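Novice: My structure file target25.cif, mmCIF, N, CA, C and O atoms, is below:
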data_start
loop_
_atom_site.label_atom_id
_atom_site.label_comp_id
_atom_site.auth_asym_id
_atom_site.auth_seq_id
_atom_site.Cartn_x
_atom_site.Cartn_y
_atom_site.Cartn_z
N MET A 1 179.61 144.64 271.45
CA MET A 1 180.75 144.00 270.82
C MET A 1 180.41 142.53 270.59
O MET A 1 179.94 141.82 271.48
N LYS A 2 180.66 142.08 269.41
CA LYS A 2 180.39 140.72 269.03
C LYS A 2 181.35 139.76 269.73
O LYS A 2 182.53 140.03 269.85
N HIS A 3 180.86 138.63 270.22
CA HIS A 3 181.66 137.58 270.85
C HIS A 3 182.30 137.99 272.17
O HIS A 3 183.30 137.40 272.59
N ALA A 4 181.73 138.93 272.88
CA ALA A 4 182.33 139.41 274.13
C ALA A 4 182.44 138.31 275.17
O ALA A 4 183.46 138.18 275.85
N ARG A 5 181.42 137.49 275.31
CA ARG A 5 181.47 136.41 276.31
C ARG A 5 182.52 135.37 275.96
O ARG A 5 183.22 134.87 276.85
N GLN A 6 182.63 135.03 274.69
CA GLN A 6 183.66 134.07 274.29
C GLN A 6 185.05 134.63 274.54
O GLN A 6 185.95 133.90 274.96
N ARG A 7 185.24 135.90 274.32
CA ARG A 7 186.54 136.53 274.57
C ARG A 7 186.86 136.49 276.06
O ARG A 7 188.00 136.19 276.44
N ASN A 8 185.88 136.80 276.89
CA ASN A 8 186.10 136.75 278.34
C ASN A 8 186.46 135.33 278.78
O ASN A 8 187.32 135.13 279.64
N THR A 9 185.80 134.35 278.18
CA THR A 9 186.09 132.95 278.50
C THR A 9 187.51 132.58 278.11
O THR A 9 188.22 131.92 278.87
N ARG A 10 187.95 133.01 276.95
CA ARG A 10 189.31 132.71 276.50
C ARG A 10 190.34 133.39 277.40
O ARG A 10 191.39 132.81 277.71
N ILE A 11 190.06 134.61 277.82
CA ILE A 11 190.97 135.31 278.74
C ILE A 11 191.06 134.55 280.05
O ILE A 11 192.15 134.31 280.57
N ALA A 12 189.92 134.15 280.59
CA ALA A 12 189.89 133.40 281.85
C ALA A 12 190.67 132.09 281.71
O ALA A 12 191.46 131.72 282.59
N GLU A 13 190.47 131.40 280.61
CA GLU A 13 191.19 130.14 280.37
C GLU A 13 192.70 130.37 280.34
O GLU A 13 193.47 129.61 280.92
N GLU A 14 193.11 131.42 279.69
CA GLU A 14 194.54 131.72 279.60
C GLU A 14 195.13 132.03 280.97
O GLU A 14 196.26 131.64 281.29
N LEU A 15 194.38 132.73 281.81
CA LEU A 15 194.86 133.03 283.16
C LEU A 15 195.00 131.76 283.99
O LEU A 15 195.96 131.60 284.75
N ILE A 16 194.06 130.84 283.84
CA ILE A 16 194.14 129.57 284.56
C ILE A 16 195.36 128.77 284.08
O ILE A 16 196.11 128.22 284.90
N LEU A 17 195.58 128.71 282.78
CA LEU A 17 196.76 128.02 282.26
C LEU A 17 198.05 128.64 282.77
O LEU A 17 199.00 127.93 283.10
N LEU A 18 198.07 129.95 282.86
CA LEU A 18 199.24 130.65 283.40
C LEU A 18 199.50 130.23 284.85
O LEU A 18 200.63 129.93 285.23
N ALA A 19 198.45 130.19 285.65
CA ALA A 19 198.59 129.79 287.05
C ALA A 19 199.10 128.36 287.16
O ALA A 19 200.01 128.08 287.96
N TYR A 20 198.57 127.45 286.38
CA TYR A 20 199.04 126.07 286.40
C TYR A 20 200.50 125.96 285.97
O TYR A 20 201.26 125.16 286.50
N ARG A 21 200.87 126.78 285.00
CA ARG A 21 202.25 126.76 284.49
C ARG A 21 203.25 127.05 285.60
O ARG A 21 204.37 126.56 285.57
N TYR A 22 202.83 127.82 286.61
CA TYR A 22 203.73 128.19 287.70
C TYR A 22 203.38 127.50 289.01
O TYR A 22 203.69 127.98 290.08
N GLY A 23 202.74 126.34 288.92
CA GLY A 23 202.55 125.47 290.06
C GLY A 23 201.43 125.80 291.01
O GLY A 23 201.46 125.36 292.16
N ALA A 24 200.43 126.53 290.59
CA ALA A 24 199.33 126.91 291.48
C ALA A 24 198.65 125.68 292.06
O ALA A 24 198.41 124.70 291.37
N LYS A 25 198.36 125.74 293.36
CA LYS A 25 197.64 124.67 294.04
C LYS A 25 196.15 124.98 294.12
O LYS A 25 195.33 124.09 294.01
N ASP A 26 195.82 126.24 294.35
CA ASP A 26 194.43 126.69 294.40
C ASP A 26 194.27 127.88 293.46
O ASP A 26 195.08 128.81 293.50
N ILE A 27 193.24 127.84 292.66
CA ILE A 27 192.97 128.92 291.71
C ILE A 27 191.53 129.37 291.90
O ILE A 27 190.61 128.55 291.88
N ASN A 28 191.35 130.66 292.10
CA ASN A 28 190.02 131.25 292.19
C ASN A 28 189.86 132.23 291.04
O ASN A 28 190.73 133.07 290.83
N LEU A 29 188.75 132.12 290.34
CA LEU A 29 188.47 133.00 289.22
C LEU A 29 187.13 133.65 289.44
O LEU A 29 186.16 132.99 289.81
N ASN A 30 187.07 134.96 289.22
CA ASN A 30 185.84 135.71 289.42
C ASN A 30 185.65 136.62 288.21
O ASN A 30 186.56 137.37 287.85
N ILE A 31 184.50 136.55 287.59
CA ILE A 31 184.18 137.42 286.47
C ILE A 31 182.97 138.27 286.89
O ILE A 31 181.92 137.74 287.24
N LYS A 32 183.17 139.59 286.85
CA LYS A 32 182.11 140.52 287.22
C LYS A 32 181.69 141.29 285.97
O LYS A 32 182.49 142.01 285.38
N ASN A 33 180.45 141.13 285.60
CA ASN A 33 179.91 141.85 284.44
C ASN A 33 179.16 143.07 284.93
O ASN A 33 178.09 142.96 285.53
N ARG A 34 179.73 144.22 284.69
CA ARG A 34 179.11 145.49 285.07
C ARG A 34 178.53 146.14 283.81
O ARG A 34 178.78 145.69 282.69
N GLU A 35 177.82 147.21 283.99
CA GLU A 35 177.17 147.87 282.86
C GLU A 35 178.17 148.31 281.80
O GLU A 35 177.94 148.13 280.61
N SER A 36 179.29 148.88 282.22
CA SER A 36 180.25 149.40 281.25
C SER A 36 181.60 148.69 281.26
O SER A 36 182.45 148.99 280.44
N THR A 37 181.78 147.74 282.18
CA THR A 37 183.07 147.08 282.32
C THR A 37 182.89 145.62 282.73
O THR A 37 181.99 145.30 283.49
N THR A 38 183.76 144.78 282.22
CA THR A 38 183.87 143.41 282.72
C THR A 38 185.19 143.32 283.46
O THR A 38 186.23 143.77 282.96
N ILE A 39 185.15 142.75 284.68
CA ILE A 39 186.34 142.61 285.50
C ILE A 39 186.60 141.12 285.69
O ILE A 39 185.71 140.39 286.13
N ILE A 40 187.79 140.69 285.34
CA ILE A 40 188.19 139.29 285.50
C ILE A 40 189.31 139.27 286.53
O ILE A 40 190.35 139.91 286.33
N ILE A 41 189.09 138.54 287.62
CA ILE A 41 190.07 138.47 288.70
C ILE A 41 190.47 137.01 288.91
O ILE A 41 189.60 136.15 289.09
N MET A 42 191.77 136.75 288.87
CA MET A 42 192.29 135.42 289.13
C MET A 42 193.25 135.50 290.30
O MET A 42 194.13 136.36 290.32
N GLU A 43 193.05 134.63 291.29
CA GLU A 43 193.99 134.51 292.40
C GLU A 43 194.47 133.06 292.43
O GLU A 43 193.65 132.13 292.39
N ALA A 44 195.78 132.89 292.49
CA ALA A 44 196.37 131.55 292.51
C ALA A 44 197.40 131.48 293.63
O ALA A 44 198.28 132.34 293.72
N SER A 45 197.26 130.46 294.47
CA SER A 45 198.16 130.35 295.61
C SER A 45 199.29 129.35 295.33
O SER A 45 199.18 128.51 294.43
N GLU A 46 200.35 129.49 296.11
CA GLU A 46 201.55 128.66 296.03
C GLU A 46 202.22 128.75 294.66
O GLU A 46 202.67 127.75 294.11
N ILE A 47 202.25 129.95 294.15
CA ILE A 47 202.89 130.21 292.86
C ILE A 47 204.41 130.19 293.03
O ILE A 47 204.94 130.77 293.97
N ASN A 48 205.09 129.53 292.11
CA ASN A 48 206.54 129.49 292.10
C ASN A 48 207.02 130.20 290.84
O ASN A 48 207.10 129.60 289.77
N ILE A 49 207.31 131.49 290.97
CA ILE A 49 207.66 132.30 289.81
C ILE A 49 208.80 133.25 290.15
O ILE A 49 208.84 133.81 291.25
N GLU A 50 209.71 133.37 289.23
CA GLU A 50 210.83 134.29 289.42
C GLU A 50 210.36 135.72 289.20
O GLU A 50 209.43 135.98 288.43
N LYS A 51 211.04 136.65 289.86
CA LYS A 51 210.68 138.07 289.75
C LYS A 51 210.76 138.54 288.29
O LYS A 51 209.89 139.27 287.83
N SER A 52 211.77 138.11 287.56
CA SER A 52 211.91 138.54 286.16
C SER A 52 210.75 138.04 285.31
O SER A 52 210.27 138.76 284.42
N LYS A 53 210.27 136.83 285.58
CA LYS A 53 209.14 136.30 284.81
C LYS A 53 207.85 137.05 285.16
O LYS A 53 207.04 137.34 284.29
N LEU A 54 207.70 137.40 286.43
CA LEU A 54 206.53 138.18 286.85
C LEU A 54 206.54 139.56 286.18
O LEU A 54 205.50 140.03 285.72
N GLU A 55 207.71 140.16 286.09
CA GLU A 55 207.82 141.46 285.41
C GLU A 55 207.47 141.33 283.93
O GLU A 55 206.83 142.22 283.37
N LEU A 56 207.88 140.23 283.31
CA LEU A 56 207.54 140.01 281.90
C LEU A 56 206.04 139.85 281.72
O LEU A 56 205.44 140.43 280.81
N ILE A 57 205.41 139.08 282.60
CA ILE A 57 203.95 138.91 282.55
C ILE A 57 203.25 140.25 282.69
O ILE A 57 202.33 140.57 281.92
N ASN A 58 203.69 141.05 283.64
CA ASN A 58 203.11 142.38 283.84
C ASN A 58 203.28 143.23 282.59
O ASN A 58 202.34 143.91 282.15
N LYS A 59 204.45 143.19 281.99
CA LYS A 59 204.72 143.97 280.77
C LYS A 59 203.84 143.52 279.61
O LYS A 59 203.27 144.34 278.89
N LEU A 60 203.71 142.20 279.44
CA LEU A 60 202.90 141.67 278.33
C LEU A 60 201.42 142.01 278.49
O LEU A 60 200.72 142.27 277.50
N LEU A 61 200.94 142.00 279.72
CA LEU A 61 199.52 142.28 279.95
C LEU A 61 199.20 143.77 279.92
O LEU A 61 198.06 144.15 279.67
N ASN A 62 200.19 144.60 280.18
CA ASN A 62 199.95 146.05 280.24
C ASN A 62 200.39 146.76 278.96
O ASN A 62 201.23 147.63 278.97
N VAL A 63 199.78 146.35 277.88
CA VAL A 63 199.98 147.05 276.61
C VAL A 63 198.68 147.77 276.27
O VAL A 63 197.61 147.37 276.75
N PRO A 64 198.73 148.80 275.47
CA PRO A 64 197.49 149.50 275.14
C PRO A 64 196.49 148.60 274.41
O PRO A 64 196.89 147.75 273.61
N ARG A 65 195.23 148.78 274.72
CA ARG A 65 194.19 148.00 274.04
C ARG A 65 194.12 148.40 272.58
O ARG A 65 194.23 149.57 272.22
N CYS A 66 193.91 147.39 271.74
CA CYS A 66 193.80 147.63 270.31
C CYS A 66 192.61 146.83 269.79
O CYS A 66 192.72 145.63 269.54
N SER A 67 191.48 147.47 269.65
CA SER A 67 190.24 146.80 269.26
C SER A 67 190.34 146.11 267.91
O SER A 67 189.75 145.05 267.70
N GLU A 68 191.11 146.69 266.99
CA GLU A 68 191.24 146.09 265.67
C GLU A 68 191.94 144.73 265.76
O GLU A 68 191.52 143.76 265.14
N MET A 69 193.02 144.67 266.54
CA MET A 69 193.73 143.40 266.71
C MET A 69 192.88 142.41 267.47
O MET A 69 192.85 141.22 267.16
N GLU A 70 192.17 142.89 268.48
CA GLU A 70 191.29 142.02 269.27
C GLU A 70 190.25 141.36 268.38
O GLU A 70 190.00 140.16 268.48
N GLU A 71 189.65 142.14 267.51
CA GLU A 71 188.60 141.63 266.63
C GLU A 71 189.13 140.50 265.74
O GLU A 71 188.44 139.52 265.49
N TYR A 72 190.36 140.62 265.31
CA TYR A 72 190.92 139.66 264.37
C TYR A 72 191.54 138.44 265.05
O TYR A 72 191.41 137.32 264.58
N TYR A 73 192.23 138.65 266.20
CA TYR A 73 193.05 137.59 266.78
C TYR A 73 192.49 136.92 268.03
O TYR A 73 193.07 135.96 268.52
N TRP A 74 191.38 137.38 268.60
CA TRP A 74 190.92 136.86 269.89
C TRP A 74 190.74 135.36 269.91
O TRP A 74 190.99 134.70 270.90
N ASN A 75 190.34 134.77 268.79
CA ASN A 75 190.08 133.33 268.77
C ASN A 75 191.35 132.49 268.77
O ASN A 75 191.29 131.28 268.84
N LEU A 76 192.51 133.12 268.74
CA LEU A 76 193.77 132.38 268.80
C LEU A 76 194.24 132.13 270.22
O LEU A 76 195.15 131.33 270.44
N THR A 77 193.64 132.77 271.22
CA THR A 77 194.08 132.56 272.60
C THR A 77 193.79 131.12 273.00
O THR A 77 192.85 130.49 272.54
N GLY A 78 194.66 130.60 273.87
CA GLY A 78 194.50 129.25 274.37
C GLY A 78 194.98 128.18 273.42
O GLY A 78 194.77 127.00 273.65
N GLU A 79 195.68 128.54 272.36
CA GLU A 79 196.08 127.57 271.35
C GLU A 79 197.51 127.05 271.48
O GLU A 79 197.87 126.10 270.82
N SER A 80 198.35 127.66 272.33
CA SER A 80 199.72 127.17 272.45
C SER A 80 200.23 127.39 273.86
O SER A 80 199.56 127.97 274.70
N ASP A 81 201.46 126.93 274.11
CA ASP A 81 202.05 126.99 275.45
C ASP A 81 203.03 128.13 275.62
O ASP A 81 203.85 128.11 276.52
N VAL A 82 203.00 129.13 274.80
CA VAL A 82 203.96 130.22 274.91
C VAL A 82 203.29 131.48 275.44
O VAL A 82 202.07 131.59 275.45
N ASP A 83 204.12 132.42 275.89
CA ASP A 83 203.61 133.63 276.52
C ASP A 83 203.04 134.65 275.54
O ASP A 83 202.57 135.69 275.95
N CYS A 84 203.08 134.36 274.24
CA CYS A 84 202.58 135.36 273.28
C CYS A 84 201.09 135.62 273.48
O CYS A 84 200.60 136.68 273.15
N GLU A 85 200.36 134.64 274.05
CA GLU A 85 198.95 134.87 274.29
C GLU A 85 198.73 135.96 275.34
O GLU A 85 197.73 136.62 275.34
N LEU A 86 199.69 136.11 276.25
CA LEU A 86 199.56 137.16 277.26
C LEU A 86 199.57 138.53 276.61
O LEU A 86 198.82 139.41 277.02
N SER A 87 200.39 138.72 275.59
CA SER A 87 200.39 140.02 274.91
C SER A 87 199.08 140.22 274.16
O SER A 87 198.58 141.34 274.06
N LEU A 88 198.50 139.13 273.64
CA LEU A 88 197.20 139.24 272.99
C LEU A 88 196.13 139.61 274.00
O LEU A 88 195.27 140.46 273.74
N ILE A 89 196.19 139.00 275.19
CA ILE A 89 195.25 139.38 276.24
C ILE A 89 195.45 140.84 276.61
O ILE A 89 194.50 141.56 276.87
N GLY A 90 196.70 141.29 276.60
CA GLY A 90 196.99 142.69 276.88
C GLY A 90 196.29 143.63 275.93
O GLY A 90 195.74 144.65 276.35
N VAL A 91 196.25 143.29 274.64
CA VAL A 91 195.58 144.18 273.68
C VAL A 91 194.06 144.06 273.77
O VAL A 91 193.34 144.86 273.17
N MET A 92 193.57 143.07 274.53
CA MET A 92 192.13 142.89 274.69
C MET A 92 191.60 143.53 275.98
O MET A 92 190.40 143.48 276.24
N THR A 93 192.48 144.10 276.79
CA THR A 93 192.07 144.67 278.06
C THR A 93 192.44 146.15 278.14
O THR A 93 193.36 146.61 277.49
N ASP A 94 191.71 146.87 278.99
CA ASP A 94 191.94 148.30 279.15
C ASP A 94 192.86 148.62 280.32
O ASP A 94 193.57 149.61 280.30
N TYR A 95 192.81 147.79 281.35
CA TYR A 95 193.61 148.05 282.55
C TYR A 95 193.89 146.72 283.22
O TYR A 95 193.01 145.86 283.33
N VAL A 96 195.14 146.52 283.68
CA VAL A 96 195.53 145.27 284.32
C VAL A 96 196.37 145.58 285.55
O VAL A 96 197.24 146.45 285.52
N LYS A 97 196.10 144.83 286.64
CA LYS A 97 196.93 144.90 287.84
C LYS A 97 197.46 143.49 288.10
O LYS A 97 196.68 142.53 288.12
N VAL A 98 198.78 143.38 288.28
CA VAL A 98 199.41 142.11 288.60
C VAL A 98 200.11 142.28 289.93
O VAL A 98 200.88 143.22 290.12
N ASN A 99 199.85 141.35 290.86
CA ASN A 99 200.43 141.46 292.19
C ASN A 99 200.80 140.06 292.68
O ASN A 99 200.03 139.12 292.51
N LEU A 100 201.97 139.95 293.29
CA LEU A 100 202.40 138.71 293.92
C LEU A 100 202.77 139.02 295.36
O LEU A 100 203.67 139.82 295.62
N LYS A 101 202.06 138.40 296.30
CA LYS A 101 202.32 138.63 297.72
C LYS A 101 202.09 137.32 298.45
O LYS A 101 201.04 136.68 298.28
N ASN A 102 203.07 136.92 299.26
CA ASN A 102 202.98 135.67 300.02
C ASN A 102 202.68 134.47 299.12
O ASN A 102 201.85 133.62 299.45
N ASN A 103 203.33 134.42 297.97
CA ASN A 103 203.15 133.34 296.98
C ASN A 103 201.72 133.23 296.44
O ASN A 103 201.29 132.17 296.00
N ILE A 104 200.97 134.33 296.51
CA ILE A 104 199.64 134.38 295.91
C ILE A 104 199.68 135.38 294.76
O ILE A 104 199.96 136.56 294.96
N LEU A 105 199.46 134.88 293.57
CA LEU A 105 199.43 135.73 292.38
C LEU A 105 197.99 136.20 292.16
O LEU A 105 197.06 135.40 292.12
N LYS A 106 197.84 137.51 292.04
CA LYS A 106 196.53 138.09 291.76
C LYS A 106 196.63 138.93 290.51
O LYS A 106 197.47 139.82 290.41
N ILE A 107 195.78 138.62 289.55
CA ILE A 107 195.71 139.38 288.30
C ILE A 107 194.29 139.88 288.15
O ILE A 107 193.33 139.10 288.20
N GLU A 108 194.15 141.19 287.96
CA GLU A 108 192.85 141.81 287.72
C GLU A 108 192.88 142.43 286.32
O GLU A 108 193.77 143.24 286.03
N LEU A 109 191.93 142.06 285.50
CA LEU A 109 191.83 142.62 284.15
C LEU A 109 190.50 143.34 284.00
O LEU A 109 189.46 142.81 284.41
N TYR A 110 190.54 144.51 283.42
CA TYR A 110 189.34 145.32 283.20
C TYR A 110 189.15 145.51 281.70
O TYR A 110 190.07 145.95 281.00
N ARG A 111 187.97 145.15 281.23
CA ARG A 111 187.62 145.32 279.82
C ARG A 111 186.40 146.21 279.71
O ARG A 111 185.31 145.84 280.14
N ASN A 112 186.59 147.40 279.16
CA ASN A 112 185.46 148.30 278.94
C ASN A 112 184.63 147.78 277.77
O ASN A 112 185.16 147.23 276.81
N LYS A 113 183.33 147.98 277.88
CA LYS A 113 182.43 147.52 276.82
C LYS A 113 182.25 148.58 275.77
O LYS A 113 182.48 149.71 275.95
#
Could I get this structure in the form of structure tokens?
Specialist:
Amino acid sequence: MKHARQRNTRIAEELILLAYRYGAKDINLNIKNRESTTIIIMEASEINIEKSKLELINKLLNVPRCSEMEEYYWNLTGESDVDCELSLIGVMTDYVKVNLKNNILKIELYRNK
């Protein structure tokens, strides 16, 4: 897939911006490149987020992947301060887990190659 590394970078950037938006004090980002999958994991501590907003984030990230949209729109991520980029990240990923426990937000994104 063309521009795969740039897409992963944009996804990671968007996750970091999301964590900062909700007051994260410490952010850890891990990108694992496997033979058939890329896994992007972000953990952010001291998150201040309402349950309804967390549910919205989960909903936006857990949409079916659409390669056609990804190919056309991926370069628009990171361009504004609204949550619409999360839905774009959703169409760029195959599987997402969102978890908030003890004010630590953990998001795992899986992108098949």
Novice: Expand the PyMOL selection byres (((chain A and resi 94 and name CA) around 6) and name CA) into the individual residues it matches in the shown file, reporting them as a PyMOL selection string.
Specialist: chain A and resi 65+93+95+110-111
Novice: Atoms to include: N, CA, C and O atoms. Write the selected residues as a compact mmCIF listing (two decimals), in the frame of the given file.
Specialist:
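Here's the written file result_12.txt:
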# COMPACT_ATOMS: atom_id res chain seq x y z
N ARG A 65 195.23 148.78 274.72
CA ARG A 65 194.19 148.00 274.04
C ARG A 65 194.12 148.40 272.58
O ARG A 65 194.23 149.57 272.22
N THR A 93 192.48 144.10 276.79
CA THR A 93 192.07 144.67 278.06
C THR A 93 192.44 146.15 278.14
O THR A 93 193.36 146.61 277.49
N TYR A 95 192.81 147.79 281.35
CA TYR A 95 193.61 148.05 282.55
C TYR A 95 193.89 146.72 283.22
O TYR A 95 193.01 145.86 283.33
N TYR A 110 190.54 144.51 283.42
CA TYR A 110 189.34 145.32 283.20
C TYR A 110 189.15 145.51 281.70
O TYR A 110 190.07 145.95 281.00
N ARG A 111 187.97 145.15 281.23
CA ARG A 111 187.62 145.32 279.82
C ARG A 111 186.40 146.21 279.71
O ARG A 111 185.31 145.84 280.14
Novice: Ranking A:Asn103, A:Glu35, A:Leu29, A:Pro64 by minimum distance to A:Ile49 and counting all atoms listed in the file, which one comes first?
Specialist: A:Asn103
Novice: Using only N, CA, C and O atoms, collect all residues at a distance of at most 8 Å from (182.4, 136.5, 284.4) as written in the file, then present them as a PyMOL selection string.
Specialist: chain A and resi 5+8-9+29-33+38-41
Novice: For atom C of A:Gly23 and atom N of A:Glu46, quote the distance in Å rounded to one decimal.
Specialist: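 Separation of atom C of A:Gly23 and atom N of A:Glu46: 6.4 Å.
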Novice: When distances are computed from all atoms listed in the file, which of A:Leu60, A:Ala19, A:Met92, A:Val98 shows the smallest separation from A:Asn112?
Specialist: A:Met92
Novice: Run the PyMOL selection byres ((chain A and resi 62) around 8) on the file and write out the hits as a list of chain:residue names.
Specialist: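 Applied to this file, the PyMOL selection byres ((chain A and resi 62) around 8) selects A:Glu55, A:Leu56, A:Ile57, A:Asn58, A:Lys59, A:Leu60, A:Leu61, A:Val63, A:Pro64, A:Arg65, A:Leu86, A:Ser87, A:Ile89, A:Gly90, A:Val91, A:Thr93, A:Asp94, A:Tyr95, A:Val96, A:Lys97.
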Novice: Between atom CA of A:Ile104 and atom CA of A:Leu18, what is the spacing in Å?
Specialist: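 Computed distance, atom CA of A:Leu18 to atom CA of A:Ile104, equals 13.1 Å.
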